[in-house]
Amino acid sequence: MAVVFQKTKGLTDKQTHYCPGCTHGIIHRLVAEVLEELGVLGEAIGVAPVGCSVLAYEYFNCDMQEASHGRAPAVATGIKRVHPDKVVFTYQGDGDLASIGTAEIVHVAHRGEKITTIFVNNAIYGMTGGQMAPTTLIGQRATTAPLGRTVEHSGMPLRVSEMLATINGAAYVERVAVNTPANVRKAKKAIKNAFQCQLDGKGFSIIEVLSTCPTNWGMTPIDALKWLENNMIPYYPIGNLRTPEVEE
């Protein structure tokens, strides 16, 4: 009998710890499938810092390195410079990358380090209990903003991809979402392009993935997908922001 669908070799058999409805699992699978399809699974080294993905080393079937909160880009830089032939990537949430790790991601892009970052944006701190993140939307409630985020108190939500797309060392920047089957397919294509950018030695690449957090949003998984579409995508529009071809 012909096999029409099977689990990617890029993931282990370990059951994940993610909450029901969390889309980290989808993003994990996309990254794993891309590494397998590009034939670089045995050459890949992932870096996961503190956050919901802190146990990613148990799920990705490749070498993984743990990093301190926000410091994954610095650790990945060291790994890539020591092993330039390896495919090095970071897997980071928005509380990690856009808050404590802001300087790290800006300077790794500025230096044009040949690594790939998977940036999971669910507009809230997930692992630590639902605090407001730099990406939390105006009016969105969090444990540290029970009445909702306001411009007067916290400023506007940070659009990381738009910021990084202005940096010359960032060769490939794209924002995607995983709330519908069609968007999942587009997300996989973007992730593959980002890793191909690294393989071609073009420079730094980052894919921002709009994701859900039903638990800390206080929603059902289905309602969370709708909320992402109706609230996150309008403020964080999906699409390509920078490609190597633009510079040619």
# chains A, B, ... in the order shown; residues from 1 in each chain; ligands from 1

call {"tool": "select_by_dssp", "arguments": {"residues": "region 10-48 of chain A", "states": "alpha helix (DSSP H)", "output": "list of chain:residue names"}}
result
A:His24, A:Gly25, A:Ile26, A:Ile27, A:His28, A:Arg29, A:Leu30, A:Val31, A:Ala32, A:Glu33, A:Val34, A:Leu35, A:Glu36, A:Glu37

call {"tool": "residues_around", "arguments": {"residues": "region 199-214 of chain A", "least_positions_apart": "5", "cutoff": "6 Å", "atoms": "only C-alpha atoms", "output": "number ranges by chain"}}
result
A: 22-23, 109, 112-122, 170-177, 194, 219-221, 224

call {"tool": "write_last_selection", "arguments": {"atoms": "N, CA and C atoms", "output": "PDB file, in the first residue's frame"}}
result
ATOM      1  N   CYS A  22      -2.782  25.111  21.258  1.00  0.00           N
ATOM      2  CA  CYS A  22      -1.563  25.881  20.991  1.00  0.00           C
ATOM      3  C   CYS A  22      -1.015  25.488  19.631  1.00  0.00           C
ATOM      4  N   THR A  23      -0.586  26.469  18.856  1.00  0.00           N
ATOM      5  CA  THR A  23      -0.098  26.174  17.511  1.00  0.00           C
ATOM      6  C   THR A  23       1.421  26.001  17.438  1.00  0.00           C
ATOM      7  N   ALA A 109      21.035  40.554  13.312  1.00  0.00           N
ATOM      8  CA  ALA A 109      20.604  40.963  11.975  1.00  0.00           C
ATOM      9  C   ALA A 109      21.564  41.992  11.394  1.00  0.00           C
ATOM     10  N   GLY A 112      24.513  40.489  10.006  1.00  0.00           N
ATOM     11  CA  GLY A 112      24.237  39.597   8.881  1.00  0.00           C
ATOM     12  C   GLY A 112      24.658  38.171   9.156  1.00  0.00           C
ATOM     13  N   GLU A 113      24.515  37.745  10.427  1.00  0.00           N
ATOM     14  CA  GLU A 113      24.896  36.365  10.758  1.00  0.00           C
ATOM     15  C   GLU A 113      24.071  35.383   9.933  1.00  0.00           C
ATOM     16  N   LYS A 114      24.708  34.370   9.433  1.00  0.00           N
ATOM     17  CA  LYS A 114      24.047  33.416   8.536  1.00  0.00           C
ATOM     18  C   LYS A 114      23.325  32.329   9.340  1.00  0.00           C
ATOM     19  N   ILE A 115      22.315  32.781  10.089  1.00  0.00           N
ATOM     20  CA  ILE A 115      21.470  31.871  10.850  1.00  0.00           C
ATOM     21  C   ILE A 115      20.015  32.171  10.501  1.00  0.00           C
ATOM     22  N   THR A 116      19.119  31.304  10.928  1.00  0.00           N
ATOM     23  CA  THR A 116      17.689  31.474  10.673  1.00  0.00           C
ATOM     24  C   THR A 116      16.941  31.513  12.001  1.00  0.00           C
ATOM     25  N   THR A 117      16.032  32.458  12.143  1.00  0.00           N
ATOM     26  CA  THR A 117      15.235  32.577  13.356  1.00  0.00           C
ATOM     27  C   THR A 117      13.768  32.307  13.059  1.00  0.00           C
ATOM     28  N   ILE A 118      13.173  31.424  13.854  1.00  0.00           N
ATOM     29  CA  ILE A 118      11.739  31.202  13.819  1.00  0.00           C
ATOM     30  C   ILE A 118      11.161  31.948  15.020  1.00  0.00           C
ATOM     31  N   PHE A 119      10.418  32.988  14.747  1.00  0.00           N
ATOM     32  CA  PHE A 119       9.913  33.909  15.772  1.00  0.00           C
ATOM     33  C   PHE A 119       8.411  33.683  15.952  1.00  0.00           C
ATOM     34  N   VAL A 120       8.030  33.072  17.057  1.00  0.00           N
ATOM     35  CA  VAL A 120       6.629  32.741  17.323  1.00  0.00           C
ATOM     36  C   VAL A 120       5.984  33.879  18.114  1.00  0.00           C
ATOM     37  N   ASN A 121       5.046  34.573  17.481  1.00  0.00           N
ATOM     38  CA  ASN A 121       4.395  35.731  18.086  1.00  0.00           C
ATOM     39  C   ASN A 121       2.953  35.386  18.443  1.00  0.00           C
ATOM     40  N   ASN A 122       2.693  35.211  19.746  1.00  0.00           N
ATOM     41  CA  ASN A 122       1.319  35.014  20.203  1.00  0.00           C
ATOM     42  C   ASN A 122       0.841  36.175  21.075  1.00  0.00           C
ATOM     43  N   ALA A 170      19.863  41.825   7.311  1.00  0.00           N
ATOM     44  CA  ALA A 170      18.718  40.911   7.275  1.00  0.00           C
ATOM     45  C   ALA A 170      18.363  40.635   5.822  1.00  0.00           C
ATOM     46  N   ALA A 171      18.684  39.439   5.367  1.00  0.00           N
ATOM     47  CA  ALA A 171      18.491  39.119   3.959  1.00  0.00           C
ATOM     48  C   ALA A 171      17.070  38.695   3.638  1.00  0.00           C
ATOM     49  N   TYR A 172      16.434  37.993   4.571  1.00  0.00           N
ATOM     50  CA  TYR A 172      15.086  37.478   4.302  1.00  0.00           C
ATOM     51  C   TYR A 172      14.222  37.677   5.539  1.00  0.00           C
ATOM     52  N   VAL A 173      13.121  38.409   5.382  1.00  0.00           N
ATOM     53  CA  VAL A 173      12.202  38.680   6.479  1.00  0.00           C
ATOM     54  C   VAL A 173      10.780  38.465   5.975  1.00  0.00           C
ATOM     55  N   GLU A 174      10.019  37.628   6.662  1.00  0.00           N
ATOM     56  CA  GLU A 174       8.632  37.387   6.261  1.00  0.00           C
ATOM     57  C   GLU A 174       7.783  37.102   7.502  1.00  0.00           C
ATOM     58  N   ARG A 175       6.518  37.540   7.437  1.00  0.00           N
ATOM     59  CA  ARG A 175       5.572  37.238   8.508  1.00  0.00           C
ATOM     60  C   ARG A 175       4.477  36.328   7.949  1.00  0.00           C
ATOM     61  N   VAL A 176       4.182  35.275   8.694  1.00  0.00           N
ATOM     62  CA  VAL A 176       3.178  34.302   8.277  1.00  0.00           C
ATOM     63  C   VAL A 176       2.247  34.025   9.455  1.00  0.00           C
ATOM     64  N   ALA A 177       1.249  33.182   9.229  1.00  0.00           N
ATOM     65  CA  ALA A 177       0.326  32.777  10.283  1.00  0.00           C
ATOM     66  C   ALA A 177      -0.011  31.304  10.093  1.00  0.00           C
ATOM     67  N   ALA A 194      13.562  30.702   4.047  1.00  0.00           N
ATOM     68  CA  ALA A 194      14.485  31.268   5.032  1.00  0.00           C
ATOM     69  C   ALA A 194      15.691  30.356   5.232  1.00  0.00           C
ATOM     70  N   MET A 219      -9.511  31.753  25.861  1.00  0.00           N
ATOM     71  CA  MET A 219     -10.430  31.408  24.769  1.00  0.00           C
ATOM     72  C   MET A 219     -10.370  29.924  24.450  1.00  0.00           C
ATOM     73  N   THR A 220     -11.373  29.452  23.731  1.00  0.00           N
ATOM     74  CA  THR A 220     -11.305  28.104  23.188  1.00  0.00           C
ATOM     75  C   THR A 220     -10.326  28.120  22.021  1.00  0.00           C
ATOM     76  N   PRO A 221      -9.775  26.980  21.636  1.00  0.00           N
ATOM     77  CA  PRO A 221      -8.871  26.948  20.494  1.00  0.00           C
ATOM     78  C   PRO A 221      -9.480  27.529  19.221  1.00  0.00           C
ATOM     79  N   ALA A 224      -9.719  31.266  19.506  1.00  0.00           N
ATOM     80  CA  ALA A 224      -8.385  31.848  19.431  1.00  0.00           C
ATOM     81  C   ALA A 224      -7.942  32.021  17.983  1.00  0.00           C
TER      82      ALA A 224
END

call {"tool": "residues_around", "arguments": {"residues": "region 52-67 of chain A", "least_positions_apart": "2", "cutoff": "9 Å", "atoms": "only C-alpha atoms", "output": "number ranges by chain"}}
result
A: 9-18, 24, 28-29, 31-32, 41-50, 69-76, 91-93, 125-128

call {"tool": "write_last_selection", "arguments": {"atoms": "N, CA and C atoms", "output": "compact mmCIF listing (two decimals), in the first residue's frame"}}
result
# COMPACT_ATOMS: atom_id res chain seq x y z
N LYS A 9 10.57 12.74 9.92
CA LYS A 9 11.71 12.27 10.71
C LYS A 9 12.34 13.40 11.52
N GLY A 10 11.90 14.62 11.25
CA GLY A 10 12.46 15.77 11.96
C GLY A 10 11.95 15.94 13.37
N LEU A 11 10.95 15.15 13.75
CA LEU A 11 10.42 15.21 15.10
C LEU A 11 10.62 13.88 15.81
N THR A 12 10.82 13.94 17.11
CA THR A 12 10.94 12.73 17.91
C THR A 12 9.54 12.20 18.23
N ASP A 13 9.46 11.10 18.95
CA ASP A 13 8.17 10.53 19.35
C ASP A 13 7.70 11.06 20.71
N LYS A 14 8.42 12.01 21.26
CA LYS A 14 8.06 12.57 22.56
C LYS A 14 6.77 13.37 22.48
N GLN A 15 5.83 13.12 23.40
CA GLN A 15 4.60 13.89 23.45
C GLN A 15 4.89 15.29 23.97
N THR A 16 4.37 16.30 23.28
CA THR A 16 4.67 17.68 23.67
C THR A 16 3.88 18.10 24.91
N HIS A 17 4.36 19.15 25.54
CA HIS A 17 3.74 19.67 26.76
C HIS A 17 2.80 20.83 26.49
N TYR A 18 2.65 21.22 25.23
CA TYR A 18 1.89 22.42 24.91
C TYR A 18 0.40 22.28 25.23
N HIS A 24 2.08 25.92 18.59
CA HIS A 24 3.51 25.59 18.57
C HIS A 24 3.76 24.26 17.86
N HIS A 28 6.38 23.58 14.94
CA HIS A 28 7.42 22.56 15.09
C HIS A 28 7.45 21.64 13.87
N ARG A 29 6.28 21.18 13.48
CA ARG A 29 6.23 20.24 12.36
C ARG A 29 6.72 20.88 11.06
N VAL A 31 8.90 23.32 10.66
CA VAL A 31 10.36 23.43 10.72
C VAL A 31 11.00 22.07 10.48
N ALA A 32 10.47 21.05 11.15
CA ALA A 32 11.02 19.70 11.02
C ALA A 32 10.89 19.17 9.60
N LEU A 41 18.75 17.71 7.97
CA LEU A 41 18.38 17.36 9.33
C LEU A 41 19.58 16.93 10.16
N GLY A 42 20.49 16.17 9.56
CA GLY A 42 21.67 15.71 10.26
C GLY A 42 22.71 16.80 10.46
N GLU A 43 22.54 17.93 9.79
CA GLU A 43 23.49 19.04 9.89
C GLU A 43 22.91 20.21 10.67
N ALA A 44 21.69 20.06 11.17
CA ALA A 44 21.01 21.18 11.82
C ALA A 44 21.32 21.25 13.32
N ILE A 45 21.44 22.47 13.79
CA ILE A 45 21.62 22.74 15.22
C ILE A 45 20.63 23.83 15.60
N GLY A 46 19.70 23.50 16.49
CA GLY A 46 18.70 24.47 16.92
C GLY A 46 19.04 25.04 18.29
N VAL A 47 18.61 26.27 18.53
CA VAL A 47 18.83 26.91 19.82
C VAL A 47 17.49 27.38 20.36
N ALA A 48 17.13 26.89 21.54
CA ALA A 48 15.87 27.28 22.18
C ALA A 48 16.16 27.95 23.52
N PRO A 49 15.68 29.16 23.72
CA PRO A 49 15.90 29.84 25.00
C PRO A 49 14.72 29.57 25.94
N VAL A 50 14.53 30.44 26.92
CA VAL A 50 13.45 30.28 27.88
C VAL A 50 12.12 30.72 27.26
N HIS A 69 17.49 33.29 28.71
CA HIS A 69 16.34 34.04 28.20
C HIS A 69 16.79 35.17 27.28
N GLY A 70 16.37 35.12 26.03
CA GLY A 70 16.66 36.16 25.07
C GLY A 70 18.00 36.06 24.37
N ARG A 71 18.83 35.11 24.79
CA ARG A 71 20.20 35.07 24.28
C ARG A 71 20.43 34.05 23.15
N ALA A 72 19.36 33.48 22.62
CA ALA A 72 19.51 32.48 21.57
C ALA A 72 20.29 33.00 20.35
N PRO A 73 20.07 34.23 19.89
CA PRO A 73 20.84 34.70 18.73
C PRO A 73 22.34 34.75 19.00
N ALA A 74 22.74 35.13 20.22
CA ALA A 74 24.17 35.18 20.55
C ALA A 74 24.76 33.77 20.58
N VAL A 75 24.03 32.83 21.17
CA VAL A 75 24.50 31.44 21.21
C VAL A 75 24.58 30.88 19.80
N ALA A 76 23.56 31.15 18.99
CA ALA A 76 23.56 30.66 17.61
C ALA A 76 24.70 31.26 16.80
N TYR A 91 14.68 29.22 17.81
CA TYR A 91 13.22 29.09 17.88
C TYR A 91 12.79 29.87 19.11
N GLN A 92 12.18 31.05 18.90
CA GLN A 92 11.95 31.99 20.00
C GLN A 92 10.53 32.54 20.03
N GLY A 93 10.03 32.79 21.23
CA GLY A 93 8.75 33.44 21.39
C GLY A 93 8.88 34.94 21.44
N TYR A 125 3.11 36.77 27.03
CA TYR A 125 4.04 35.84 27.66
C TYR A 125 3.27 34.56 27.98
N GLY A 126 3.65 33.45 27.37
CA GLY A 126 2.91 32.21 27.55
C GLY A 126 3.33 31.42 28.76
N MET A 127 4.60 31.01 28.82
CA MET A 127 5.06 30.09 29.84
C MET A 127 4.93 30.66 31.25
N THR A 128 5.13 31.96 31.40
CA THR A 128 5.20 32.55 32.74
C THR A 128 3.85 33.05 33.26

call {"tool": "closest_residue", "arguments": {"among": "A:His110, A:Gly139, A:Ala187, A:Tyr235", "to": "Glu33 (chain A)", "atoms": "only C-alpha atoms"}}
result
A:Ala187

call {"tool": "closest_residue", "arguments": {"among": "A:Phe195, A:Gly21, A:Ile138, A:Val184", "to": "Thr90 (chain A)", "atoms": "only C-alpha atoms"}}
result
A:Phe195

call {"tool": "atom_distance", "arguments": {"atom1": "CA of Gly101 (chain A)", "atom2": "CA of Thr144 (chain A)"}}
result
19.7 Å

call {"tool": "select_by_dssp", "arguments": {"residues": "region 56-140 of chain A", "states": "strand (DSSP E)", "output": "ChimeraX atom specification"}}
result
/A:63-66,87-93,116-121

call {"tool": "atom_distance", "arguments": {"atom1": "CA of Ile233 (chain A)", "atom2": "CA of Lys188 (chain A)"}}
result
17.6 Å

call {"tool": "decode", "arguments": {"residues": "region 100-147 of chain A", "atoms": "N, CA and C atoms", "output": "short mmCIF file (atom, residue, chain, number, x, y, z; two decimals), in the first residue's frame"}}
result
data_model
loop_
_atom_site.label_atom_id
_atom_site.label_comp_id
_atom_site.auth_asym_id
_atom_site.auth_seq_id
_atom_site.Cartn_x
_atom_site.Cartn_y
_atom_site.Cartn_z
N ILE A 100 13.36 40.82 26.38
CA ILE A 100 14.70 40.72 26.95
C ILE A 100 15.76 40.49 25.88
N GLY A 101 15.35 39.92 24.73
CA GLY A 101 16.31 39.62 23.67
C GLY A 101 16.31 40.59 22.51
N THR A 102 15.71 41.77 22.69
CA THR A 102 15.61 42.72 21.57
C THR A 102 16.98 43.09 21.01
N ALA A 103 17.90 43.44 21.89
CA ALA A 103 19.23 43.85 21.42
C ALA A 103 19.92 42.70 20.69
N GLU A 104 19.74 41.48 21.18
CA GLU A 104 20.40 40.33 20.56
C GLU A 104 19.93 40.15 19.12
N ILE A 105 18.60 40.22 18.89
CA ILE A 105 18.08 39.97 17.55
C ILE A 105 18.43 41.11 16.60
N VAL A 106 18.45 42.34 17.12
CA VAL A 106 18.80 43.48 16.27
C VAL A 106 20.25 43.38 15.80
N HIS A 107 21.14 43.04 16.70
CA HIS A 107 22.56 43.03 16.34
C HIS A 107 22.95 41.80 15.53
N VAL A 108 22.25 40.67 15.73
CA VAL A 108 22.55 39.51 14.89
C VAL A 108 22.12 39.80 13.46
N ALA A 109 21.03 40.55 13.31
CA ALA A 109 20.60 40.96 11.98
C ALA A 109 21.56 41.99 11.39
N HIS A 110 21.99 42.94 12.22
CA HIS A 110 22.91 43.98 11.77
C HIS A 110 24.23 43.38 11.27
N ARG A 111 24.70 42.34 11.96
CA ARG A 111 25.94 41.69 11.54
C ARG A 111 25.75 40.76 10.34
N GLY A 112 24.51 40.49 10.01
CA GLY A 112 24.24 39.60 8.88
C GLY A 112 24.66 38.17 9.16
N GLU A 113 24.51 37.74 10.43
CA GLU A 113 24.90 36.36 10.76
C GLU A 113 24.07 35.38 9.93
N LYS A 114 24.71 34.37 9.43
CA LYS A 114 24.05 33.42 8.54
C LYS A 114 23.32 32.33 9.34
N ILE A 115 22.32 32.78 10.09
CA ILE A 115 21.47 31.87 10.85
C ILE A 115 20.01 32.17 10.50
N THR A 116 19.12 31.30 10.93
CA THR A 116 17.69 31.47 10.67
C THR A 116 16.94 31.51 12.00
N THR A 117 16.03 32.46 12.14
CA THR A 117 15.23 32.58 13.36
C THR A 117 13.77 32.31 13.06
N ILE A 118 13.17 31.42 13.85
CA ILE A 118 11.74 31.20 13.82
C ILE A 118 11.16 31.95 15.02
N PHE A 119 10.42 32.99 14.75
CA PHE A 119 9.91 33.91 15.77
C PHE A 119 8.41 33.68 15.95
N VAL A 120 8.03 33.07 17.06
CA VAL A 120 6.63 32.74 17.32
C VAL A 120 5.98 33.88 18.11
N ASN A 121 5.05 34.57 17.48
CA ASN A 121 4.39 35.73 18.09
C ASN A 121 2.95 35.39 18.44
N ASN A 122 2.69 35.21 19.75
CA ASN A 122 1.32 35.01 20.20
C ASN A 122 0.84 36.18 21.08
N ALA A 123 1.56 37.28 21.01
CA ALA A 123 1.15 38.55 21.62
C ALA A 123 1.01 38.50 23.14
N ILE A 124 1.74 37.58 23.77
CA ILE A 124 1.65 37.49 25.23
C ILE A 124 2.79 36.63 25.76
N TYR A 125 3.11 36.77 27.03
CA TYR A 125 4.04 35.84 27.66
C TYR A 125 3.27 34.56 27.98
N GLY A 126 3.65 33.45 27.37
CA GLY A 126 2.91 32.21 27.55
C GLY A 126 3.33 31.42 28.76
N MET A 127 4.60 31.01 28.82
CA MET A 127 5.06 30.09 29.84
C MET A 127 4.93 30.66 31.25
N THR A 128 5.13 31.96 31.40
CA THR A 128 5.20 32.55 32.74
C THR A 128 3.85 33.05 33.26
N GLY A 129 2.78 32.82 32.51
CA GLY A 129 1.47 33.10 33.08
C GLY A 129 0.63 34.18 32.45
N GLY A 130 1.00 34.65 31.26
CA GLY A 130 0.12 35.58 30.56
C GLY A 130 0.36 37.05 30.80
N GLN A 131 1.61 37.42 31.09
CA GLN A 131 1.92 38.84 31.25
C GLN A 131 1.92 39.55 29.89
N MET A 132 1.82 40.87 29.93
CA MET A 132 1.86 41.66 28.71
C MET A 132 3.25 41.60 28.09
N ALA A 133 3.30 41.43 26.79
CA ALA A 133 4.55 41.39 26.03
C ALA A 133 4.66 42.65 25.18
N PRO A 134 5.82 42.92 24.60
CA PRO A 134 5.93 44.07 23.70
C PRO A 134 4.99 43.98 22.50
N THR A 135 4.55 42.77 22.19
CA THR A 135 3.68 42.53 21.04
C THR A 135 2.20 42.51 21.40
N THR A 136 1.86 42.59 22.69
CA THR A 136 0.46 42.59 23.12
C THR A 136 -0.28 43.76 22.47
N LEU A 137 -1.47 43.50 21.95
CA LEU A 137 -2.22 44.51 21.21
C LEU A 137 -2.89 45.53 22.13
N ILE A 138 -3.21 46.69 21.58
CA ILE A 138 -3.91 47.72 22.34
C ILE A 138 -5.30 47.18 22.73
N GLY A 139 -5.62 47.28 24.01
CA GLY A 139 -6.89 46.78 24.50
C GLY A 139 -6.86 45.33 24.93
N GLN A 140 -5.83 44.60 24.53
CA GLN A 140 -5.73 43.19 24.90
C GLN A 140 -5.39 43.07 26.38
N ARG A 141 -6.08 42.19 27.08
CA ARG A 141 -5.85 42.02 28.50
C ARG A 141 -4.74 41.01 28.78
N ALA A 142 -4.03 41.26 29.85
CA ALA A 142 -2.97 40.37 30.31
C ALA A 142 -2.94 40.43 31.82
N THR A 143 -2.21 39.53 32.45
CA THR A 143 -2.17 39.53 33.91
C THR A 143 -1.55 40.81 34.46
N THR A 144 -0.68 41.43 33.69
CA THR A 144 -0.07 42.70 34.11
C THR A 144 -0.76 43.90 33.47
N ALA A 145 -1.83 43.64 32.74
CA ALA A 145 -2.65 44.71 32.16
C ALA A 145 -4.10 44.24 32.18
N PRO A 146 -4.67 44.11 33.38
CA PRO A 146 -6.01 43.53 33.51
C PRO A 146 -7.11 44.32 32.83
N LEU A 147 -6.89 45.61 32.59
CA LEU A 147 -7.88 46.44 31.90
C LEU A 147 -7.56 46.58 30.41
#
